Amino acid sequence: MKKTISVALTGNPNVGKTTVFNTITGSRQHVGNWPGVTVEKKTGRCEYADTSIEVTDLPGTYSLTAYSADEVIARNFIIEDNPDVVVQVVDASNLERNLYLTMQLAELGRPVIVALNMVDVAEGRGDTIDEKRLSELLAMPVVRTVGTSGRGLDRLLETIIAVAAKGEKHTHTIGYGDEAEALISDLVRILDDDPALAGGYPLRWLAVRAIEGDSAVLALIEKSSVAGAVQARLQQIDLDEYEALLADKRYEAIGAILPQACTMCVRKMTGSDMIDRVVTNKYLGIPIFLALMWGAFQLTFAVAEPFMAGIEYVFGWLGEVVAGSIGNEWLASLLGDGVIGGVGGVFVFVPNIFILFLILSILEGSGYLARAAFIMDRLMYVIGLPGKSFIPMLMGFGCNVPAIMSTRTIEDDRDRLITILVNPFISCGARLPVYILFAGVFFGRDAGNVIFGLYALGIVVAILSAKLFRCTILPGESSPFIMEMPPYRIPTIKNAMLNMWEKGSMYLKKAGGIILIGSLIVWFLASYPAGVEYGSEESFAGMIGHLLEPLVSPLGLDWKIAVALIFGFVAKEIVVSSLGVLYGADEGSAALSDALLADPALSMAGALAVMVFVLLYMPCVATLGVIKKETGSWRWAGFSVLYGLVVAWILAFATFHLASYFLGGA
Amino acid sequence: MSEYHKQLFAGFLGLLYLIVGVAALIALVVPDIKLFELFGISGDPAMGFVLVVIGLTLISGFFELSKKIHEGVAYLHVGIGLALVFGMIWFLSVGAEFATLAIFEGEEITLEMIREAIVPQLYLAVIALFGFIAWGKEFSAGLLRD
């Protein structure tokens, strides 16, 4: 029978854990060039030398002091799930900071291997690392790896198997000095009296963590039979002083190890430092960010044009085939109006979605998006949120679901809640088809500018809402923002394409699933009761629309838009497919564009109001689900819907009337 | 080439971008200025803004280099990078538009259409390209492939 080994992959954020994980297990987990991409543990398996290795990729953590939700996940897994081997992926180009976690892992008494990752980066900078010496000093195996190219990963797997076979626990820990060691020994003796603690945790580690005031560890001890004795011993000392002493001793140990194992070159200004001087400049940082975002949307809109025309051509041809070859009127309407009009109307925007995701992948992979969070920090601080909150906002450009999940990296619960509540205002990829349709039809060459304006409006509304929440329902001080800037890198085409496909394929799946179902429901509502004219005011869709019309008519919209907006709650793309069905655009999106342009009920001002409303009105079903999951309450999910609807209505109303005034209702 | 050449290039190109960017913003308010039309400048707030940002970046480099601050070269590098990126964006956008017209709408691409497509974003990027050719290796030396 094959032997199975469980391996935990841990390390600081943005050291390449997920890249190593993907290469070892053949998975395709998202890799980003910023800290906090992995917020949940992910498991994969690989077979090597007759051994089955189960690898768990843990969220990045700077230390085993768990402050944020993702750090708690990482620590609990290592301690409670007791993996056979812990592999710490270390950024070789930043050894000093990474070794702090190594020092803490050593105290856990688990078999630890250090994967010296990104050695190519370190070597490129002129660092020379003697891994044999480092291994001797740390008393744990050290393996050189380059996750992206797979260099050294075979050796890493061989070392994992060898270490697991030995089954030896790591016993080499650093000394904290006589006084602290005496305290640790006392605490270990006390903790040893509780069999539950002694059986489940490394006692020296528990003692050290208790001295450092780790709230999770203190809560654990609180429940034990030795709680009183531990408290009594801790009350005899100045905890702050000891906490500082322990951290100093770890850095002292790192300071002693480094010169023996690593020849660091004199640090000079790197290429990354040079670029950062400009793009994070106090005055130029935000304008450069805005310019790049505008460029991204311009490119998304313009470059997709020939591809969209090609898809339109195919769907137009399909529409003609259906109309010409199917005698049964009902079936022809179902396929033509329902399937081709609905799904085809959405499918045509696939190129835009893919191009946008490609650009975002390139920006993310280059390391620029991390700078965007940094430059927004000052503004975020003014509104009372940490700059860290801007990362989930940027991720929201792709999809709000993973963006909301990524808020787990935010330590403060109120900061986190505010970031979750404002995230639906960040325009996700699903809303892009609506903008492209309306902006393309009503604004021609200025469509790119209009779309950029909508994305910017989403950010502004999110920031102002955060300020409002901070001043009213969720008061508090924002926590300081510490973020390590990843180095700039030229993204590989493979990684950028992979990321693009990972996100874009979700859209394709939606087109064939939920959007198709939504289109068929709208088709049914537009076709029945039997005998009514398709899509007429007498149809069910017409009745629902007329019921809602009083709500949307102040925004310059009619009943058809109201029906489309209702279905957009399921997924925002359904707004477009619903319009395709309701306008009977059975020859693809060109027919829908013509129909919208010909509709006397719609004007440029009305088109702007639709886009603003779709941008802000409410999270889709999937986002609502994740808000409930992350806040642990339907109350906040409901609040998000209600608040979104109110803000959307007010701003769409203002947009319609202002635009009518300036554009003359053209 | 010496830092003096970099300084001159940053100043010259920065000024060009700034002038054209401001002109694009002025053209919003005062359309039909013949001189602007000659240089393909039209009233476009977004394009004007982008050109001004590139211009300011390069001019910041000029001032730092003139104060003998070596790190000022970063502004020149980033400014050239931005100029090339936005030139490329325009080039791809126009290429896509022409492809759509030629393939799906059966239109012929005329010289007039090509002339109209030559806007400041594009021809200024060609000047920036000379800077990239001169200092490109230095520019990308610090960057790493992921």
# chains A, B, ... in the order shown; residues from 1 in each chain; ligands from 1
>>> closest_atom_pairs(of="chain A", to="chain B", cutoff="8 Å", atoms="only C-alpha atoms", output="Markdown table")
| residue | atom | partner | partner_atom | distance |
| --- | --- | --- | --- | --- |
| A:Val121 | CA | B:Leu144 | CA | 7.4 |
| A:Thr148 | CA | B:Asp146 | CA | 6.9 |
| A:Thr270 | CA | B:Gly142 | CA | 5.8 |
| A:Gly271 | CA | B:Gly142 | CA | 3.8 |
| A:Ser272 | CA | B:Gly142 | CA | 6.5 |
| A:Met274 | CA | B:Ala74 | CA | 5.1 |
| A:Ile275 | CA | B:Ala74 | CA | 6.0 |
| A:Arg277 | CA | B:Ala74 | CA | 7.0 |
| A:Val278 | CA | B:Tyr75 | CA | 5.9 |
| A:Leu284 | CA | B:Thr57 | CA | 7.2 |
| A:Pro287 | CA | B:Val53 | CA | 6.5 |
| A:Ile288 | CA | B:Val53 | CA | 6.6 |
| A:Ala291 | CA | B:Val50 | CA | 5.5 |
| A:Trp294 | CA | B:Ala46 | CA | 7.6 |
| A:Gly295 | CA | B:Ile89 | CA | 6.8 |
| A:Gln298 | CA | B:Ile89 | CA | 7.6 |
| A:Leu299 | CA | B:Ile89 | CA | 6.0 |
| A:Ala302 | CA | B:Ser93 | CA | 4.9 |
| A:Val303 | CA | B:Ala96 | CA | 5.2 |
| A:Ala304 | CA | B:Ala96 | CA | 7.4 |
| A:Glu305 | CA | B:Ala96 | CA | 6.3 |
| A:Pro306 | CA | B:Thr100 | CA | 4.6 |
| A:Ala309 | CA | B:Phe104 | CA | 6.7 |
| A:Gly310 | CA | B:Phe104 | CA | 7.4 |
| A:Gly365 | CA | B:Asp146 | CA | 7.7 |
| A:Asn449 | CA | B:Ala46 | CA | 6.8 |
| A:Pro487 | CA | B:Leu143 | CA | 7.9 |
| A:Tyr488 | CA | B:Leu143 | CA | 5.9 |
| A:Arg489 | CA | B:Leu144 | CA | 4.5 |
| A:Ile490 | CA | B:Arg145 | CA | 4.6 |
| A:Pro491 | CA | B:Asp146 | CA | 5.6 |
| A:Thr492 | CA | B:Asp146 | CA | 6.3 |
>>> write_last_selection(atoms="C-alpha atoms", output="CSV table (one decimal), in the first residue's frame")
chain,number,residue,atom,x,y,z
A,121,VAL,CA,15.8,36.7,-7.5
A,148,THR,CA,7.9,29.3,-11.1
A,270,THR,CA,16.8,48.4,-7.3
A,271,GLY,CA,14.6,48.8,-10.4
A,272,SER,CA,11.6,48.3,-8.2
A,274,MET,CA,13.2,53.3,-8.8
A,275,ILE,CA,9.7,52.7,-10.2
A,277,ARG,CA,9.7,56.5,-6.4
A,278,VAL,CA,7.5,57.6,-9.2
A,284,LEU,CA,1.8,61.7,-9.2
A,287,PRO,CA,-3.1,60.4,-11.4
A,288,ILE,CA,-0.9,57.6,-12.8
A,291,ALA,CA,-4.5,57.1,-16.2
A,294,TRP,CA,-8.5,54.5,-18.1
A,295,GLY,CA,-6.1,52.9,-20.5
A,298,GLN,CA,-10.1,51.9,-23.3
A,299,LEU,CA,-8.3,48.8,-24.4
A,302,ALA,CA,-11.6,49.0,-28.4
A,303,VAL,CA,-9.6,45.9,-28.9
A,304,ALA,CA,-12.6,43.6,-28.4
A,305,GLU,CA,-14.4,45.2,-31.3
A,306,PRO,CA,-13.5,42.8,-34.1
A,309,ALA,CA,-18.3,41.7,-34.5
A,310,GLY,CA,-17.3,38.1,-35.3
A,365,GLY,CA,1.4,40.0,-11.9
A,449,ASN,CA,-14.6,57.2,-21.2
A,487,PRO,CA,9.2,43.4,-6.4
A,488,TYR,CA,8.0,44.4,-9.9
A,489,ARG,CA,8.2,41.5,-12.3
A,490,ILE,CA,7.6,41.2,-16.0
A,491,PRO,CA,4.5,38.9,-15.9
A,492,THR,CA,4.8,35.7,-17.9
>>> select_by_dssp(residues="segment 103-260 of chain A", states="alpha helix (DSSP H)", output="PyMOL selection string")
chain A and resi 103-107+119-124+131-138+153-166+178-191+195-200+203-211+215-222+227-234+239-260
>>> residues_around(residues="Leu356 of chain A", least_positions_apart="4", cutoff="8 Å", atoms="only C-alpha atoms", output="PyMOL selection string")
chain A and resi 296-297+300+352+360+429
>>> residues_around(residues="segment 117-119 of chain B", least_positions_apart="5", cutoff="8 Å", atoms="only C-alpha atoms", output="list in words")
Phe39, Gly40, Ile41 and Val94 of chain B
>>> residues_around(residues="Gly345 of chain A", least_positions_apart="2", cutoff="7 Å", atoms="only C-alpha atoms", output="JSON, numbers by chain")
{"A": [341, 342, 343, 347, 348, 576, 577, 580, 588, 589]}
>>> write_last_selection(atoms="N, CA and C atoms", output="PDB file, in the first residue's frame")
ATOM      1  N   GLY A 341     -31.413  35.207 -28.617  1.00  0.00           N
ATOM      2  CA  GLY A 341     -31.551  36.599 -28.171  1.00  0.00           C
ATOM      3  C   GLY A 341     -30.966  36.810 -26.791  1.00  0.00           C
ATOM      4  N   GLY A 342     -31.176  35.845 -25.899  1.00  0.00           N
ATOM      5  CA  GLY A 342     -30.708  35.991 -24.518  1.00  0.00           C
ATOM      6  C   GLY A 342     -29.238  35.680 -24.365  1.00  0.00           C
ATOM      7  N   VAL A 343     -28.874  34.406 -24.609  1.00  0.00           N
ATOM      8  CA  VAL A 343     -27.478  33.987 -24.406  1.00  0.00           C
ATOM      9  C   VAL A 343     -26.554  34.682 -25.406  1.00  0.00           C
ATOM     10  N   PHE A 347     -23.186  36.561 -24.776  1.00  0.00           N
ATOM     11  CA  PHE A 347     -21.979  35.883 -25.278  1.00  0.00           C
ATOM     12  C   PHE A 347     -21.075  36.830 -26.052  1.00  0.00           C
ATOM     13  N   VAL A 348     -21.695  37.813 -26.676  1.00  0.00           N
ATOM     14  CA  VAL A 348     -20.936  38.736 -27.516  1.00  0.00           C
ATOM     15  C   VAL A 348     -19.913  39.546 -26.704  1.00  0.00           C
ATOM     16  N   VAL A 576     -28.596  42.096 -19.600  1.00  0.00           N
ATOM     17  CA  VAL A 576     -28.425  42.167 -21.057  1.00  0.00           C
ATOM     18  C   VAL A 576     -29.230  41.062 -21.749  1.00  0.00           C
ATOM     19  N   SER A 577     -29.129  39.830 -21.216  1.00  0.00           N
ATOM     20  CA  SER A 577     -29.845  38.728 -21.885  1.00  0.00           C
ATOM     21  C   SER A 577     -31.355  38.960 -21.811  1.00  0.00           C
ATOM     22  N   GLY A 580     -32.220  41.346 -24.398  1.00  0.00           N
ATOM     23  CA  GLY A 580     -32.167  40.647 -25.687  1.00  0.00           C
ATOM     24  C   GLY A 580     -33.458  39.898 -25.959  1.00  0.00           C
ATOM     25  N   GLY A 588     -28.657  38.415 -32.419  1.00  0.00           N
ATOM     26  CA  GLY A 588     -27.459  38.814 -31.681  1.00  0.00           C
ATOM     27  C   GLY A 588     -27.521  40.234 -31.170  1.00  0.00           C
ATOM     28  N   SER A 589     -26.367  40.701 -30.666  1.00  0.00           N
ATOM     29  CA  SER A 589     -26.370  41.984 -29.975  1.00  0.00           C
ATOM     30  C   SER A 589     -26.492  43.167 -30.915  1.00  0.00           C
TER      31      SER A 589
END
>>> residues_around(residues="Ser224 of chain A", least_positions_apart="2", cutoff="12 Å", atoms="only C-alpha atoms", output="ChimeraX atom specification")
/A:190-198,217-222,226-231
>>> write_last_selection(atoms="C-alpha atoms", output="PDB file, in the first residue's frame")
ATOM      1  CA  ILE A 190       2.143  23.989  35.248  1.00  0.00           C
ATOM      2  CA  LEU A 191       0.707  23.287  31.792  1.00  0.00           C
ATOM      3  CA  ASP A 192       1.918  19.694  31.942  1.00  0.00           C
ATOM      4  CA  ASP A 193      -0.569  19.063  34.749  1.00  0.00           C
ATOM      5  CA  ASP A 194      -3.457  19.386  32.291  1.00  0.00           C
ATOM      6  CA  PRO A 195      -3.520  16.192  30.215  1.00  0.00           C
ATOM      7  CA  ALA A 196      -5.639  17.822  27.490  1.00  0.00           C
ATOM      8  CA  LEU A 197      -3.044  20.527  26.918  1.00  0.00           C
ATOM      9  CA  ALA A 198      -0.054  18.241  27.362  1.00  0.00           C
ATOM     10  CA  VAL A 217      -3.664  30.691  23.541  1.00  0.00           C
ATOM     11  CA  LEU A 218      -4.752  32.525  26.686  1.00  0.00           C
ATOM     12  CA  ALA A 219      -8.367  31.654  25.867  1.00  0.00           C
ATOM     13  CA  LEU A 220      -7.363  28.008  25.492  1.00  0.00           C
ATOM     14  CA  ILE A 221      -5.565  28.032  28.843  1.00  0.00           C
ATOM     15  CA  GLU A 222      -8.526  29.837  30.392  1.00  0.00           C
ATOM     16  CA  VAL A 226      -4.434  24.966  35.257  1.00  0.00           C
ATOM     17  CA  ALA A 227      -5.800  28.387  34.311  1.00  0.00           C
ATOM     18  CA  GLY A 228      -5.461  29.785  37.826  1.00  0.00           C
ATOM     19  CA  ALA A 229      -1.864  28.680  38.249  1.00  0.00           C
ATOM     20  CA  VAL A 230      -0.833  30.059  34.861  1.00  0.00           C
ATOM     21  CA  GLN A 231      -2.534  33.391  35.588  1.00  0.00           C
TER      22      GLN A 231
END
>>> atom_distance(atom1="atom CA of Met103 of chain A", atom2="atom CA of Asp154 of chain A")
25.4 Å
